[in-house]
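Heads up, the thing below is written out as structure tokens.
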Amino acid sequence: MRRNIKTHAKLVGIIGHPISHSWSPAIHQAAFKFTKQNYDYAAFDVLPKNLREAMKGILALGIVGCNVTVPHKEAVIEFLDEVSADARLVGAVNTVYVEDGTLFGHNTDVDGVVEALKPFKEQVANHPVTVFGAGGGARAVVYSLITYFKPSEIFIVNRDASRAELLKKFFADSQNYLNIRIDELHNLNEADAIAKSKLVVNATPVGMFPEVGESVMLDDSADLEGKIFFDLVYNPVHTEFLKTARKRNAIIVSGLEMLYHQAAKAFELWTGMAMPLDRIRAELDRKFLDEGKPRQKKQKAQKSIAGEEHI
């Protein structure tokens with residue numbers, strides 16, 4: 001179904017490939033409605049080879065800004081005029097806004113991670129954590145942990161150990177953080193890392209619709225009581241990763257928490273207003289829970305090029 005964009009509305013949106021999975025349009029359209037802002041939010045499927053032209057198009061068309069999702073979060077930095085300190089230190093951008101013809105990059109994923117995990121700050125401090133993934137989402141998670149939560153060490157588990165090594169070197173060079181350990185996905189040491197950790201984060205797309213039965217954590221026998229499990233995947237809201245953790249007595253944090261909070265910061269950057277988050281939750285929580293349920297007819301999986309999370 002084609003959605004008509006309002007005449008004379010200021011336009012914002014999201015760029016990525018693929019893009020049909022995104023729940024960001026629903027969040028921002030609801031926010032514009034509640035705040036009576038004359039904005040509209042569109043989704044643009046942009047191939048990697050067209051990213052440079054897409055950023056030029058934002059300026060040419062007078063678009064106010066956009067969210068950036070896979071596989072563009074790292075590559076887009078090259079085409080921006082200025083990048084915030086957080087985004088530079090993370091090495092990834094997920095929100096762009098335009099001011100006086102200048103393209104500014106920001107990373108509101110950091111805001112999303114910090115807000116989602118804020119209730120557990122004291123529990124995480126000075127304890128080991130495990131992060132699955134080494135893409136743009138993992139970068140935001142690791143940066144947030146180092147900067148705001150102060151874990152004693154971080155285990156990065158990734159299917160491509162060389163990509164994880166690059167992330168390790170990045171944070172050693174940029175923040176002089178030397179307590180990162182690397183492991184390959186589904187190695188025997190993975191279970192040991194989880195056993196030692198107070199917080200376990202899935203920063204990969206594994207378990208995302210339509211592959212809802214998949215999980216980065218294969219061992220479902222360990223008692224996880226007192227541990228915190230956080231999944232950046234939000235579709236479905238209750239992933240296999242989180243369901244396994246909950247069955248094993250862990251505390252779980254849905255990716256929907258991060259999604260809401262990163263969206264709120266992006267909304268503020270574009271409009272100068274605070275997003276009415278309580279009203280957004282009341283409007284959309286049930287809709288997202290329904291949309292996140294497995295469909296009867298399984299669709300063909302859309303694999304991420306960069307192997308990251310999705311906004």
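By convention here, the chains of the structure tokens are called A, B, ... in the order presented, each chain's residues are numbered starting at 1, and ligands are numbered starting at 1 in the order presented.
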
Notebook entry, point to check: Which polymer residues have any atom within 12 Å of an atom of Asp40 (chain A), counting only C-alpha atoms, with same-chain residues fewer than 4 positions away left out, as a PyMOL selection string?
Noted result: chain A and resi 3-14+24-33+36+63-66+267+270-271

Next item on the list: Report as an NGL selection string: the residues of region 109-304 of chain A with a DSSP assignment of alpha helix (DSSP H), based on the backbone of this structure.
Entry: :A and (109-117 or 121-124 or 136-144 or 161-175 or 188-196 or 240-247 or 255-271 or 277-291)

Next item on the list: Would you mind writing down, as a PyMOL selection string, each residue of region 33-255 of chain A that DSSP on the backbone assigns to strand (DSSP E)?
Entry: chain A and resi 39-45+65-68+82-83+95-99+102-106+128-132+153-158+180-184+199-202+228-231+251-253

Region 133-156 of chain A near region 75-93 of chain A within 12 Å: what's each residue's closest atom pair and its distance in Å to one decimal, counting only C-alpha atoms, ordered by chain then ascending residue number, as a tab-separated table?
residue	atom	partner	partner_atom	distance
A:Ala134	CA	A:Val90	CA	11.7
A:Gly135	CA	A:Ala92	CA	9.1
A:Gly136	CA	A:Ala92	CA	5.8
A:Gly137	CA	A:Ala92	CA	8.5
A:Ala138	CA	A:Val90	CA	9.3
A:Arg139	CA	A:Val90	CA	5.6
A:Ala140	CA	A:Val90	CA	5.7
A:Val141	CA	A:Val90	CA	8.9
A:Val142	CA	A:Val90	CA	8.3
A:Tyr143	CA	A:Val90	CA	6.0
A:Ser144	CA	A:Val90	CA	8.8
A:Leu145	CA	A:Val90	CA	11.4
A:Ile146	CA	A:Val90	CA	10.9
A:Thr147	CA	A:Asp86	CA	10.0

For Lys198 (chain A): contacts at 8 Å, only C-alpha atoms, fewer than 3 positions along chain excluded, given as an mmCIF file with C-alpha atoms, in the first residue's frame:
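Generated output (selection_17.cif):
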data_model
loop_
_atom_site.group_PDB
_atom_site.id
_atom_site.type_symbol
_atom_site.label_atom_id
_atom_site.label_comp_id
_atom_site.auth_asym_id
_atom_site.auth_seq_id
_atom_site.Cartn_x
_atom_site.Cartn_y
_atom_site.Cartn_z
ATOM 1 C CA GLN A 123 25.464 -4.172 38.678
ATOM 2 C CA VAL A 124 27.573 -3.958 35.512
ATOM 3 C CA HIS A 127 32.231 -6.939 36.203
ATOM 4 C CA PRO A 128 32.959 -8.747 32.916
ATOM 5 C CA VAL A 129 30.470 -8.457 30.046
ATOM 6 C CA ILE A 194 28.895 -15.992 29.502
ATOM 7 C CA GLY A 226 21.216 -12.604 38.302
ATOM 8 C CA LYS A 227 22.707 -12.044 34.845
ATOM 9 C CA ILE A 228 21.350 -9.373 32.492
#

Would you pick out the contacts of Asn202 (chain A) at 7 Å or less, using only C-alpha atoms, so that residues sharing its chain but fewer than 5 positions from it are not included, and give the list as a compact mmCIF listing (two decimals) with C-alpha atoms, in the first residue's frame?
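Final output, out.txt:
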# COMPACT_ATOMS: atom_id res chain seq x y z
CA VAL A 131 29.01 -8.80 23.50
CA PHE A 132 28.01 -10.88 20.47
CA GLY A 133 28.86 -9.06 17.24
CA PHE A 230 20.08 -7.46 26.36
CA ASP A 231 19.14 -8.02 22.71
CA LEU A 232 19.42 -5.21 20.15

Check: Of the candidates A:Ala193, A:Met217, A:Leu259, A:Leu178, which one gets nearest to Asn67 (chain A) if we count only C-alpha atoms?
Finding: A:Leu259

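As for CA of Leu277 (chain A) and CA of Phe34 (chain A), they are spaced 10.1 Å apart.
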
Next item on the list: Calculate how many Å separate CA of Ala274 (chain A) from CA of Gly112 (chain A), rounding to one decimal.
Entry: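 Here the two named atoms are 14.7 Å from each other.
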
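Closest approach to Phe120 (chain A) among A:Ala164, A:Leu218, A:Leu199, A:Leu61 is made by A:Leu199 (distances from only C-alpha atoms).
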
Counting only C-alpha atoms, which residues of region 150-226 of chain A sit at most 7 Å from some atom of region 248-258 of chain A, and what is each one's closest atom pair with its distance in Å to one decimal, listed by chain and rising residue number, as CSV?
residue,atom,partner,partner_atom,distance
A:Ala222,CA,A:Arg248,CA,6.9
A:Asp223,CA,A:Arg248,CA,5.2
A:Leu224,CA,A:Ala250,CA,5.0
A:Glu225,CA,A:Asn249,CA,4.5
A:Gly226,CA,A:Ala250,CA,5.6

Expected file: the selected residues, C-alpha atoms, as a JSON list (two decimals), in the first residue's frame:
[["chain", "number", "residue", "atom", "x", "y", "z"],
["A", 222, "ALA", "CA", 23.16, -23.11, 32.33],
["A", 223, "ASP", "CA", 21.54, -21.29, 35.25],
["A", 224, "LEU", "CA", 21.73, -17.57, 34.41],
["A", 225, "GLU", "CA", 20.13, -16.17, 37.57],
["A", 226, "GLY", "CA", 21.22, -12.60, 38.30]]
